[in-house]
Structure formats: C-alpha cells, structure tokens
Amino acid sequence: QVQVVESGGGLVQSGGSLKLSCAASAPTFNMYAMGWFRQAPGKEREFVAASDWGGANIYYGDSVKGRFTISRENGKNAMTLQMNSLKSDDTAIYYCAVDILAYATGERLSFSSAYDYWGQGTQVTVSS
C-alpha cells in the first residue's frame with residue numbers, strides 16, 4: 001500500500017504563483033512515475049504534469065505548458081508542482097498520483113488510468 005499526501009493548495013490572485021508538494025510512502029519510490037491531475041467542478045479530471053521514474057522525462061498538459069514546472073526528489077520520496085501565472089481556469093482540486101509499474105514512461109503517464117494510488121487532493125483557487 002502506498003500513501004500519497006498533497007499539500008500547498010490555497011487561494012491566490014490571478015497572475016500569482018503557488019507551489020504544491022506531494023509525498024509518497026513507497027520504499028521503491030525511485031522506480032515509480034508520478035503525476036498531477038486536477039478536477040474542476042462539473043468537469044472531467046484533467047492531466048496536468050507527470051515525471052517518469054527517474055525524472056528524465058517530463059510531460060505537461062497543453063493548458064499548463066510554460067507556466068507549471070514539475071520536479072521530483074527521489075531521496076525524499078517527494079514531488080513538487082510550481083505553478084506560475086495562474087489563471088481563474090486553474091481553479092480545481094489538484095491530485096497527486098503514483099504509477100507502480102516499474103520504470104514507466106511515455107504517453108501512458110498522461111492518462112489517469114495508468115495510476116494506482118492517489119492522494120486526497122488539495123484545493124487551488126485563483127481569484128480574478
């Protein structure tokens with residue numbers, strides 16, 4: 001069982017920045033890909049960003065490219081999502097997820113079905 005915990009959400013003005021963190025309790029964390037997804041009220045869950053197991057391959061959803069940056073710290077079993085130039089459309093619950101298929105990489109990481117463990121989510125609200 002892998003526990004996933006997000007933190008760092010909150011209220012920010014349009015154009016501002018926020019940094020989310022994710023911690024996962026997995027003894028072989030450095031073998032697993034991790035991703036961020038978000039879900040706004042009344043909308044489908046949307047892919048935000050993902051890092052493959054080693055952090056060498058990073059993927060972003062089209063709506064956040066150039067504004068969000070994902071990074072992972074394998075030694076700390078942690079991952080962060082730096083969000084800049086936030087817009088009201090970024091308002092959503094943000095979820096961190098872990099894919100326990102060892103050494104997973106590639107397009108599969110943009111699909112929520114690839115992930116096995118999810119955090120409870122953290123609310124991000126961007127005021128205009």
# chains A, B, ... in the order shown; residues from 1 in each chain; ligands from 1

$ residues_around --residues "Tyr117 in chain A" --least-positions-apart "6" --cutoff "10 Å" --atoms "only C-alpha atoms" --output "tab-separated table (two decimals) with C-alpha atoms, in the first residue's frame"
chain	number	residue	atom	x	y	z
A	1	GLN	CA	0.00	0.00	0.00
A	2	VAL	CA	1.32	3.43	-0.96
A	3	GLN	CA	0.10	6.52	0.81
A	4	VAL	CA	0.07	9.75	-1.13
A	24	ALA	CA	4.58	9.20	-1.16
A	34	MET	CA	4.28	10.27	-10.58
A	96	CYS	CA	-1.02	13.63	-6.92
A	97	ALA	CA	-0.80	10.06	-8.16
A	98	VAL	CA	1.70	7.22	-8.28
A	99	ASP	CA	2.10	4.64	-11.07
A	100	ILE	CA	3.63	1.49	-9.61

$ residues_around --residues "Gly54 in chain A" --least-positions-apart "4" --cutoff "9 Å" --atoms "only C-alpha atoms" --output "PyMOL selection string"
chain A and resi 30-33+72+74+103

$ write_last_selection --atoms "all heavy atoms" --output "PDB file, in the first residue's frame"
ATOM      1  N   ASN A  30      11.850   5.529  -6.204  1.00  0.00           N
ATOM      2  CA  ASN A  30      12.607   5.941  -7.387  1.00  0.00           C
ATOM      3  C   ASN A  30      12.374   5.032  -8.591  1.00  0.00           C
ATOM      4  O   ASN A  30      12.965   5.245  -9.640  1.00  0.00           O
ATOM      5  CB  ASN A  30      14.100   6.054  -7.067  1.00  0.00           C
ATOM      6  CG  ASN A  30      14.668   4.728  -6.585  1.00  0.00           C
ATOM      7  OD1 ASN A  30      13.924   3.755  -6.425  1.00  0.00           O
ATOM      8  ND2 ASN A  30      15.949   4.677  -6.353  1.00  0.00           N
ATOM      9  N   MET A  31      11.515   4.030  -8.463  1.00  0.00           N
ATOM     10  CA  MET A  31      11.134   3.186  -9.594  1.00  0.00           C
ATOM     11  C   MET A  31       9.822   3.630 -10.226  1.00  0.00           C
ATOM     12  O   MET A  31       9.445   3.124 -11.275  1.00  0.00           O
ATOM     13  CB  MET A  31      10.971   1.735  -9.134  1.00  0.00           C
ATOM     14  CG  MET A  31      12.234   1.078  -8.668  1.00  0.00           C
ATOM     15  SD  MET A  31      11.908  -0.533  -7.895  1.00  0.00           S
ATOM     16  CE  MET A  31      11.059  -1.392  -9.217  1.00  0.00           C
ATOM     17  N   TYR A  32       9.113   4.562  -9.586  1.00  0.00           N
ATOM     18  CA  TYR A  32       7.739   4.855  -9.971  1.00  0.00           C
ATOM     19  C   TYR A  32       7.566   6.226 -10.610  1.00  0.00           C
ATOM     20  O   TYR A  32       8.131   7.214 -10.142  1.00  0.00           O
ATOM     21  CB  TYR A  32       6.832   4.786  -8.748  1.00  0.00           C
ATOM     22  CG  TYR A  32       6.858   3.471  -8.018  1.00  0.00           C
ATOM     23  CD1 TYR A  32       6.688   3.418  -6.647  1.00  0.00           C
ATOM     24  CD2 TYR A  32       7.054   2.281  -8.707  1.00  0.00           C
ATOM     25  CE1 TYR A  32       6.690   2.216  -5.973  1.00  0.00           C
ATOM     26  CE2 TYR A  32       7.070   1.073  -8.024  1.00  0.00           C
ATOM     27  CZ  TYR A  32       6.890   1.045  -6.661  1.00  0.00           C
ATOM     28  OH  TYR A  32       6.902  -0.151  -5.998  1.00  0.00           O
ATOM     29  N   ALA A  33       6.739   6.271 -11.625  1.00  0.00           N
ATOM     30  CA  ALA A  33       6.343   7.546 -12.204  1.00  0.00           C
ATOM     31  C   ALA A  33       5.302   8.206 -11.304  1.00  0.00           C
ATOM     32  O   ALA A  33       4.564   7.532 -10.582  1.00  0.00           O
ATOM     33  CB  ALA A  33       5.757   7.324 -13.590  1.00  0.00           C
ATOM     34  N   ARG A  72      10.945  16.236  -9.058  1.00  0.00           N
ATOM     35  CA  ARG A  72      10.867  15.209  -8.030  1.00  0.00           C
ATOM     36  C   ARG A  72      12.199  15.090  -7.301  1.00  0.00           C
ATOM     37  O   ARG A  72      13.255  15.376  -7.858  1.00  0.00           O
ATOM     38  CB  ARG A  72      10.449  13.860  -8.622  1.00  0.00           C
ATOM     39  CG  ARG A  72      11.390  13.290  -9.651  1.00  0.00           C
ATOM     40  CD  ARG A  72      10.787  12.035 -10.266  1.00  0.00           C
ATOM     41  NE  ARG A  72      10.652  10.948  -9.295  1.00  0.00           N
ATOM     42  CZ  ARG A  72       9.849   9.904  -9.451  1.00  0.00           C
ATOM     43  NH1 ARG A  72       9.077   9.806 -10.522  1.00  0.00           N
ATOM     44  NH2 ARG A  72       9.802   8.955  -8.548  1.00  0.00           N
ATOM     45  N   ASN A  74      13.860  12.169  -5.422  1.00  0.00           N
ATOM     46  CA  ASN A  74      13.748  10.760  -5.077  1.00  0.00           C
ATOM     47  C   ASN A  74      14.267  10.449  -3.676  1.00  0.00           C
ATOM     48  O   ASN A  74      13.753   9.594  -2.978  1.00  0.00           O
ATOM     49  CB  ASN A  74      14.468   9.898  -6.107  1.00  0.00           C
ATOM     50  CG  ASN A  74      13.656   9.764  -7.384  1.00  0.00           C
ATOM     51  OD1 ASN A  74      12.457  10.026  -7.402  1.00  0.00           O
ATOM     52  ND2 ASN A  74      14.304   9.346  -8.455  1.00  0.00           N
ATOM     53  N   TYR A 103       9.488   1.639 -13.635  1.00  0.00           N
ATOM     54  CA  TYR A 103      10.185   2.322 -14.731  1.00  0.00           C
ATOM     55  C   TYR A 103       9.264   2.740 -15.875  1.00  0.00           C
ATOM     56  O   TYR A 103       9.671   2.799 -17.027  1.00  0.00           O
ATOM     57  CB  TYR A 103      11.320   1.450 -15.271  1.00  0.00           C
ATOM     58  CG  TYR A 103      12.256   0.981 -14.176  1.00  0.00           C
ATOM     59  CD1 TYR A 103      12.390  -0.371 -13.866  1.00  0.00           C
ATOM     60  CD2 TYR A 103      12.968   1.902 -13.417  1.00  0.00           C
ATOM     61  CE1 TYR A 103      13.226  -0.791 -12.841  1.00  0.00           C
ATOM     62  CE2 TYR A 103      13.809   1.487 -12.391  1.00  0.00           C
ATOM     63  CZ  TYR A 103      13.921   0.138 -12.112  1.00  0.00           C
ATOM     64  OH  TYR A 103      14.743  -0.273 -11.097  1.00  0.00           O
TER      65      TYR A 103
END

$ residues_around --residues "Ala50 in chain A" --least-positions-apart "3" --cutoff "6 Å" --atoms "only C-alpha atoms" --output "JSON, numbers by chain"
{"A": [34, 35, 58, 59]}

$ write_last_selection --atoms "N, CA and C atoms" --output "PDB file, in the first residue's frame"
ATOM      1  N   MET A  34       5.257   9.520 -11.376  1.00  0.00           N
ATOM      2  CA  MET A  34       4.279  10.266 -10.585  1.00  0.00           C
ATOM      3  C   MET A  34       3.649  11.353 -11.443  1.00  0.00           C
ATOM      4  N   GLY A  35       2.417  11.665 -11.125  1.00  0.00           N
ATOM      5  CA  GLY A  35       1.723  12.653 -11.924  1.00  0.00           C
ATOM      6  C   GLY A  35       0.842  13.563 -11.107  1.00  0.00           C
ATOM      7  N   ILE A  58       9.700  14.427 -18.674  1.00  0.00           N
ATOM      8  CA  ILE A  58       8.657  15.222 -18.043  1.00  0.00           C
ATOM      9  C   ILE A  58       7.583  15.506 -19.090  1.00  0.00           C
ATOM     10  N   TYR A  59       6.335  15.471 -18.662  1.00  0.00           N
ATOM     11  CA  TYR A  59       5.217  15.693 -19.570  1.00  0.00           C
ATOM     12  C   TYR A  59       4.278  16.718 -18.959  1.00  0.00           C
TER      13      TYR A  59
END

$ atom_distance --atom1 "CA of Phe29 in chain A" --atom2 "CA of Asn84 in chain A"
26.9 Å

$ residues_around --residues "Ile93 in chain A" --least-positions-apart "2" --cutoff "9 Å" --atoms "only C-alpha atoms" --output "PyMOL selection string"
chain A and resi 9+37-41+91+95+121-125
